[in-house]
Every structure is written in structure tokens, then in C-alpha cells.
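Step one of this worksheet: look at the structure below.
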Amino acid sequence: MARKLPRVQDEAHHRPDQQRLAQQRAGADRRARVEVEFDEQTVLGALFGQFDTNLVHIENRLGVYISARGNRVVIEGPDDSVARAREVLKGMHQRLLSGLDLDSGAVDSLIAMSVEPTLEGIITGAPGGAPPIMIRTRKKTIVPRSATQIEYMRALVSNDVIFALGPAGTGKTYVAVAQAVAQLMSGSVQRLILSRPAVEAGERLGFLPGDMKEKVDPYLRPLYDALYDCMPPEQVERRIASAEIEIAPIAFMRGRTLADAFVILDEAQNTTPAQMKMFLTRFGQNSRMVVCGDPKQVDLPGGTAASGLNDAVQRLEGVEGIATVRFNTADVVRHPIVGRIVEAYEGKDG
């Protein structure tokens, strides 16, 4: 049976206004019609989504019309949108064949990346059989969800020190933790060290109950969350107990040399220049260091001028072995409204 959009009274009732307007302007656009055939039919249910929600989502985002009969899908609309929709569907199909989940976030990410000419090479592998970009951990496989994440994943395997800059929700820390876990599992590093400054707006550690660990643990919780998402909980606990994984505030790094380690500093915008210099000079043999932060969200007295992250990037950008990856609101991979919120605040504050 041919797939059709849900209808109660008429098709226009369920189609967004912008898509109806696009159809009305059809004469002004170059139109195209392509057919895509999928050989592996066992994943078609997941590909289309319950009640064809994935297909409807692509239609609404790209302004095309999609109909499906069996394993054949026909896409109609403006030629550039049709080309993007075809690549998105192929990427979704390949993702399912690779055993990866396909949720609305993954579909949105493929749509966002469909404007990049390298989409096919990234999702299905480059010509000649080169593997696609991905990070495999014990619990999941992470693939890039934005064009900047592609650049970031490449930097994580080819540079000694990586500065990841940009707003919340772009995957800076999460992807870094996933890469660190993958390297720890493979044995290419012996330790995983996660750190962040214990600084938050309007709060003081001394007023929190408990010993030092109990005081700082709430500030390190995002790092724990990323770890538990990439490794079984019992492995996380065992490796923390054996010191293979260390999660500590930046003050605990002083006087050490971090060799054979994957080191991540999160919320780095809240370090002072002295703290940042101290941290960066802990770098040891066979190590990799990732420094994550949002230069616009500094909680230190003195604002952005007091940030060790901003100071370090100005001093070190362009130095051999050091990469700087900049994310923006278009790279936000949480709920789409997060990107709009960040954009509104950055636009207001300049």
C-alpha cells in the first residue's frame, strides 16, 4: 500500500503553512522528482517511523513531498530540497543498517548536515572503503550530529591539545568524554582524567555540606553523566576505584605530570590565566588534552577579561599540535529550542 500523509479532512490541514506556500510558488522554483529504492527492507519500519513520522518531519523541514510504496520512495519538490531529502533518507537507512538508533535528534542532525557536500562520505564512508567518522564505546556508537562535530572528531584524533569553544548543547564535553572512553578501552591511554573549576555564579563551596569530595561532586556531575552514558556503571565505579578514571577539580592538578592520559578540562572559561597555564603545562608523554568551554559564559569576577580560556586561545591558536574548534548555535544538538534560546541571548548581549 502506498504511504500517504495522515488526513482527517484535507491535506492542507496537516501541512505547515510554509510548505503550502512553497507549493503555491512551485512555478517559480525548479522542480524535481527522484525515486529511491532500499534493498534492505527489514529496517523500513524504523526508517519511515511510526505513522511515517520521520517522512513527515523531512517534508516539513525541507519543503518536499514524499510518498512510499513498498521499498520505493518518491520525493518531489524544489530540486535542491529533493537532493537533500534523498541524502537524508540514505543517511538514515545507512545508520539503521549500522545498528545505530534513529531518533528525532538523529534525523534533525542528518538534515542539518545535508547542506554539507561531504554528507555521503561521512555517513556511508568515503569512496574506496574508508570508514565513516564515529566513536565506539561499550554502550553506544557516537556519530557526528553537526558539521562542526565532524571537524571536532577529526581534531580529537590528530592533535595533542584541542580547544573546543561554543555554547551549551553542542556536544563539546560529551564527544570528548566518548573519545576518551574509546581510547581507554583500546589501551591507547592508561588513564582518563576529567576536571573542571569549582566555580559557579553566586555560589561558594564553603557553604555546601560535607567533606571536600561531597562539596565538589555536584560541580563535576556533568562529567559523571557523560561517563555513565558511554560505559556500564559497574565499569565506571571499578575504574574510578582503581584510579584509571579520575574526576577532580582543577586545583588537584597542581604539581603533577599527566602522562599516558586523556585529559579533559570542562567549563574552562571559569579558570584564571594562572590556572590555565598550570593545567596546560601538566601535559605529559603519550597524552591528549581537550579544553572545553563557552567564552561568553564566564562566572569569574571581572568577566571575559579574567578568563584563562580566552587568554590561552589568544596565545596558543595556530601553535603546532594545538587545534581550536568553534561551535555556534547552529551546532546545538539538544532540543531545537535550546539553539533558539542561546541565539536570542547572544543576540541580545552581543
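The way I read the labels, and the way they are meant: chains A, B, ... in the order of the C-alpha cells, residue 1 as the first residue of every chain, and ligand 1 as the first ligand shown, with later ones counted on from there.
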Note to self: Give me the residues near Met231 in chain A as a list in words, where near means some atom within 7 Å (using only C-alpha atoms) and where sequence neighbours in that chain fewer than 4 positions away do not count.
What the structure shows: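 Those residues are Thr137, Arg138, Lys139, Leu227, Gln235 and Val236 of chain A.
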For the selection you just gave me, I'd like the residues written to a file as an mmCIF file, in the first residue's frame, keeping C-alpha atoms.
data_model
loop_
_atom_site.group_PDB
_atom_site.id
_atom_site.type_symbol
_atom_site.label_atom_id
_atom_site.label_comp_id
_atom_site.auth_asym_id
_atom_site.auth_seq_id
_atom_site.Cartn_x
_atom_site.Cartn_y
_atom_site.Cartn_z
ATOM 1 C CA THR A 137 32.168 2.925 23.244
ATOM 2 C CA ARG A 138 30.923 -0.037 25.269
ATOM 3 C CA LYS A 139 27.360 1.300 25.426
ATOM 4 C CA LEU A 227 30.829 8.705 31.559
ATOM 5 C CA GLN A 235 32.925 -0.376 34.984
ATOM 6 C CA VAL A 236 32.864 3.333 35.777
#
To test your reading of the structure, identify every residue in range 39-246 of chain A that backbone DSSP assigns to alpha helix (DSSP H), and report it as JSON, numbers by chain. {"A": [44, 45, 46, 47, 48, 53, 54, 55, 56, 57, 58, 59, 60, 61, 62, 79, 80, 81, 82, 83, 84, 85, 86, 87, 88, 89, 90, 91, 92, 93, 94, 95, 96, 97, 104, 105, 106, 107, 108, 109, 110, 111, 112, 113, 119, 120, 121, 122, 123, 124, 147, 148, 149, 150, 151, 152, 153, 154, 155, 156, 157, 158, 172, 173, 174, 175, 176, 177, 178, 179, 180, 181, 182, 183, 184, 185, 186, 212, 213, 214, 215, 216, 217, 218, 219, 220, 221, 222, 223, 224, 225, 226, 227, 228, 229, 230, 233, 234, 235, 236, 237, 238, 239, 240, 241]}
If you count only C-alpha atoms, the residue of A:Asn159, A:Ser81, A:Ser109, A:Thr42 closest to Val290 in chain A turns out to be A:Asn159
For each of A:Pro249, A:Gly91, A:Gly77, A:Gly302, take the minimum atom-to-atom distance to Ile111 in chain A, counting only C-alpha atoms, then give the residue where this is smallest.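 Selected residue with least distance to Ile111 in chain A: A:Gly91.
CA of Asp101 in chain A is positioned 12.8 Å from CA of Gly45 in chain A.
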| query | Tell me, which residues of range 29-151 of chain A carry DSSP strand (DSSP E or B), written as a ChimeraX atom specification? | reply | /A:31-37,65-69,72-78,126,130,135-136,141-142
Requested write-out: N, CA, C and O atoms of the selected residues, as a JSON list (two decimals), in the first residue's frame:
[["chain", "number", "residue", "atom", "x", "y", "z"],
["A", 31, "ARG", "N", 11.62, 22.41, -10.24],
["A", 31, "ARG", "CA", 11.04, 21.24, -9.59],
["A", 31, "ARG", "C", 11.81, 19.99, -9.98],
["A", 31, "ARG", "O", 12.41, 19.91, -11.05],
["A", 32, "ALA", "N", 11.77, 19.02, -9.08],
["A", 32, "ALA", "CA", 12.46, 17.76, -9.33],
["A", 32, "ALA", "C", 11.65, 16.62, -8.75],
["A", 32, "ALA", "O", 10.82, 16.81, -7.86],
["A", 33, "ARG", "N", 11.89, 15.44, -9.27],
["A", 33, "ARG", "CA", 11.26, 14.22, -8.77],
["A", 33, "ARG", "C", 12.28, 13.10, -8.86],
["A", 33, "ARG", "O", 12.82, 12.82, -9.94],
["A", 34, "VAL", "N", 12.58, 12.48, -7.71],
["A", 34, "VAL", "CA", 13.53, 11.37, -7.71],
["A", 34, "VAL", "C", 12.92, 10.19, -6.99],
["A", 34, "VAL", "O", 12.03, 10.34, -6.15],
["A", 35, "GLU", "N", 13.40, 9.00, -7.35],
["A", 35, "GLU", "CA", 12.94, 7.77, -6.71],
["A", 35, "GLU", "C", 14.14, 7.09, -6.05],
["A", 35, "GLU", "O", 15.21, 6.98, -6.66],
["A", 36, "VAL", "N", 13.95, 6.68, -4.81],
["A", 36, "VAL", "CA", 15.00, 5.99, -4.06],
["A", 36, "VAL", "C", 14.49, 4.60, -3.72],
["A", 36, "VAL", "O", 13.37, 4.45, -3.22],
["A", 37, "GLU", "N", 15.32, 3.60, -4.00],
["A", 37, "GLU", "CA", 14.94, 2.22, -3.69],
["A", 37, "GLU", "C", 15.89, 1.67, -2.62],
["A", 37, "GLU", "O", 17.11, 1.82, -2.72],
["A", 65, "TYR", "N", 7.60, 16.74, -0.87],
["A", 65, "TYR", "CA", 6.53, 15.76, -0.66],
["A", 65, "TYR", "C", 7.14, 14.39, -0.88],
["A", 65, "TYR", "O", 7.83, 14.14, -1.88],
["A", 66, "ILE", "N", 6.89, 13.46, 0.04],
["A", 66, "ILE", "CA", 7.45, 12.11, -0.03],
["A", 66, "ILE", "C", 6.32, 11.10, -0.03],
["A", 66, "ILE", "O", 5.42, 11.15, 0.83],
["A", 67, "SER", "N", 6.35, 10.18, -0.97],
["A", 67, "SER", "CA", 5.40, 9.07, -0.98],
["A", 67, "SER", "C", 6.19, 7.77, -1.04],
["A", 67, "SER", "O", 7.27, 7.71, -1.64],
["A", 68, "ALA", "N", 5.67, 6.75, -0.40],
["A", 68, "ALA", "CA", 6.39, 5.47, -0.34],
["A", 68, "ALA", "C", 5.45, 4.33, -0.72],
["A", 68, "ALA", "O", 4.29, 4.29, -0.31],
["A", 69, "ARG", "N", 5.98, 3.42, -1.53],
["A", 69, "ARG", "CA", 5.26, 2.20, -1.87],
["A", 69, "ARG", "C", 6.26, 1.05, -1.78],
["A", 69, "ARG", "O", 7.20, 0.99, -2.56],
["A", 72, "ARG", "N", 10.21, 1.46, -2.26],
["A", 72, "ARG", "CA", 10.49, 2.59, -3.14],
["A", 72, "ARG", "C", 9.90, 3.87, -2.55],
["A", 72, "ARG", "O", 8.75, 3.89, -2.12],
["A", 73, "VAL", "N", 10.71, 4.92, -2.55],
["A", 73, "VAL", "CA", 10.29, 6.22, -2.04],
["A", 73, "VAL", "C", 10.45, 7.24, -3.15],
["A", 73, "VAL", "O", 11.50, 7.31, -3.80],
["A", 74, "VAL", "N", 9.40, 8.03, -3.37],
["A", 74, "VAL", "CA", 9.44, 9.10, -4.37],
["A", 74, "VAL", "C", 9.43, 10.43, -3.64],
["A", 74, "VAL", "O", 8.62, 10.67, -2.75],
["A", 75, "ILE", "N", 10.36, 11.31, -4.03],
["A", 75, "ILE", "CA", 10.49, 12.63, -3.42],
["A", 75, "ILE", "C", 10.25, 13.67, -4.50],
["A", 75, "ILE", "O", 10.86, 13.62, -5.58],
["A", 76, "GLU", "N", 9.37, 14.64, -4.22],
["A", 76, "GLU", "CA", 9.07, 15.71, -5.17],
["A", 76, "GLU", "C", 9.18, 17.06, -4.49],
["A", 76, "GLU", "O", 8.86, 17.20, -3.30],
["A", 77, "GLY", "N", 9.65, 18.06, -5.26],
["A", 77, "GLY", "CA", 9.76, 19.40, -4.72],
["A", 77, "GLY", "C", 10.86, 20.17, -5.42],
["A", 77, "GLY", "O", 11.35, 19.76, -6.47],
["A", 78, "PRO", "N", 11.29, 21.32, -4.84],
["A", 78, "PRO", "CA", 12.42, 22.07, -5.41],
["A", 78, "PRO", "C", 13.65, 21.18, -5.50],
["A", 78, "PRO", "O", 13.91, 20.38, -4.61],
["A", 126, "ALA", "N", 33.70, 7.12, 2.85],
["A", 126, "ALA", "CA", 34.22, 7.76, 1.65],
["A", 126, "ALA", "C", 34.50, 6.72, 0.57],
["A", 126, "ALA", "O", 34.64, 5.54, 0.85],
["A", 130, "ALA", "N", 36.95, 3.81, 2.93],
["A", 130, "ALA", "CA", 37.41, 4.40, 4.19],
["A", 130, "ALA", "C", 36.28, 4.40, 5.21],
["A", 130, "ALA", "O", 35.13, 4.63, 4.85],
["A", 135, "ILE", "N", 32.69, 7.26, 16.92],
["A", 135, "ILE", "CA", 33.39, 6.87, 18.15],
["A", 135, "ILE", "C", 32.61, 5.72, 18.76],
["A", 135, "ILE", "O", 31.42, 5.86, 19.06],
["A", 136, "ARG", "N", 33.26, 4.59, 18.94],
["A", 136, "ARG", "CA", 32.61, 3.41, 19.51],
["A", 136, "ARG", "C", 32.97, 3.28, 20.98],
["A", 136, "ARG", "O", 34.15, 3.26, 21.34],
["A", 141, "THR", "N", 27.52, 3.87, 19.96],
["A", 141, "THR", "CA", 28.40, 4.42, 18.93],
["A", 141, "THR", "C", 27.96, 5.85, 18.65],
["A", 141, "THR", "O", 26.78, 6.11, 18.39],
["A", 142, "ILE", "N", 28.90, 6.78, 18.73],
["A", 142, "ILE", "CA", 28.58, 8.19, 18.54],
["A", 142, "ILE", "C", 29.03, 8.60, 17.15],
["A", 142, "ILE", "O", 30.19, 8.38, 16.77]]
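The gap separating CA of Arg191 in chain A from CA of Glu244 in chain A is 4.7 Å, in Å to one decimal.
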Selection near Arg154 in chain A, 10 Å with only C-alpha atoms, sequence-local residues under 6 positions removed, as a PDB file with N, CA and C atoms, in the first residue's frame:
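As a result, out-v3.pdb now contains:
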ATOM      1  N   ILE A 133      33.303   8.490  10.047  1.00  0.00           N
ATOM      2  CA  ILE A 133      33.732   9.061  11.317  1.00  0.00           C
ATOM      3  C   ILE A 133      32.755   8.639  12.400  1.00  0.00           C
ATOM      4  N   MET A 134      33.271   8.006  13.424  1.00  0.00           N
ATOM      5  CA  MET A 134      32.427   7.607  14.548  1.00  0.00           C
ATOM      6  C   MET A 134      33.307   7.261  15.740  1.00  0.00           C
ATOM      7  N   THR A 148      30.271  20.862  12.508  1.00  0.00           N
ATOM      8  CA  THR A 148      31.403  21.192  13.370  1.00  0.00           C
ATOM      9  C   THR A 148      31.841  19.989  14.189  1.00  0.00           C
TER      10      THR A 148
END
Distance query Phe279 in chain A at most 8 Å, only C-alpha atoms, self and fewer than 2 positions along chain excluded, as a PDB file with N, CA and C atoms, in the first residue's frame:
ATOM      1  N   ILE A 250      40.128  21.390  39.229  1.00  0.00           N
ATOM      2  CA  ILE A 250      41.412  21.749  38.605  1.00  0.00           C
ATOM      3  C   ILE A 250      42.506  21.970  39.644  1.00  0.00           C
ATOM      4  N   MET A 253      45.168  19.340  40.165  1.00  0.00           N
ATOM      5  CA  MET A 253      46.126  19.032  39.108  1.00  0.00           C
ATOM      6  C   MET A 253      47.500  19.629  39.377  1.00  0.00           C
ATOM      7  N   ARG A 254      47.590  20.570  40.313  1.00  0.00           N
ATOM      8  CA  ARG A 254      48.836  21.297  40.538  1.00  0.00           C
ATOM      9  C   ARG A 254      49.970  20.345  40.941  1.00  0.00           C
ATOM     10  N   GLN A 275      45.616  29.547  36.414  1.00  0.00           N
ATOM     11  CA  GLN A 275      45.134  28.166  36.483  1.00  0.00           C
ATOM     12  C   GLN A 275      45.272  27.482  35.125  1.00  0.00           C
ATOM     13  N   MET A 276      44.924  28.194  34.048  1.00  0.00           N
ATOM     14  CA  MET A 276      45.012  27.595  32.721  1.00  0.00           C
ATOM     15  C   MET A 276      46.452  27.257  32.366  1.00  0.00           C
ATOM     16  N   LYS A 277      47.385  28.156  32.664  1.00  0.00           N
ATOM     17  CA  LYS A 277      48.791  27.870  32.393  1.00  0.00           C
ATOM     18  C   LYS A 277      49.242  26.647  33.184  1.00  0.00           C
ATOM     19  N   THR A 281      50.375  23.037  31.318  1.00  0.00           N
ATOM     20  CA  THR A 281      51.755  22.574  31.490  1.00  0.00           C
ATOM     21  C   THR A 281      51.852  21.262  32.262  1.00  0.00           C
ATOM     22  N   ARG A 282      50.709  20.652  32.592  1.00  0.00           N
ATOM     23  CA  ARG A 282      50.710  19.299  33.181  1.00  0.00           C
ATOM     24  C   ARG A 282      50.877  18.239  32.103  1.00  0.00           C
ATOM     25  N   PHE A 283      50.834  18.641  30.834  1.00  0.00           N
ATOM     26  CA  PHE A 283      50.836  17.713  29.705  1.00  0.00           C
ATOM     27  C   PHE A 283      52.077  16.820  29.740  1.00  0.00           C
TER      28      PHE A 283
END
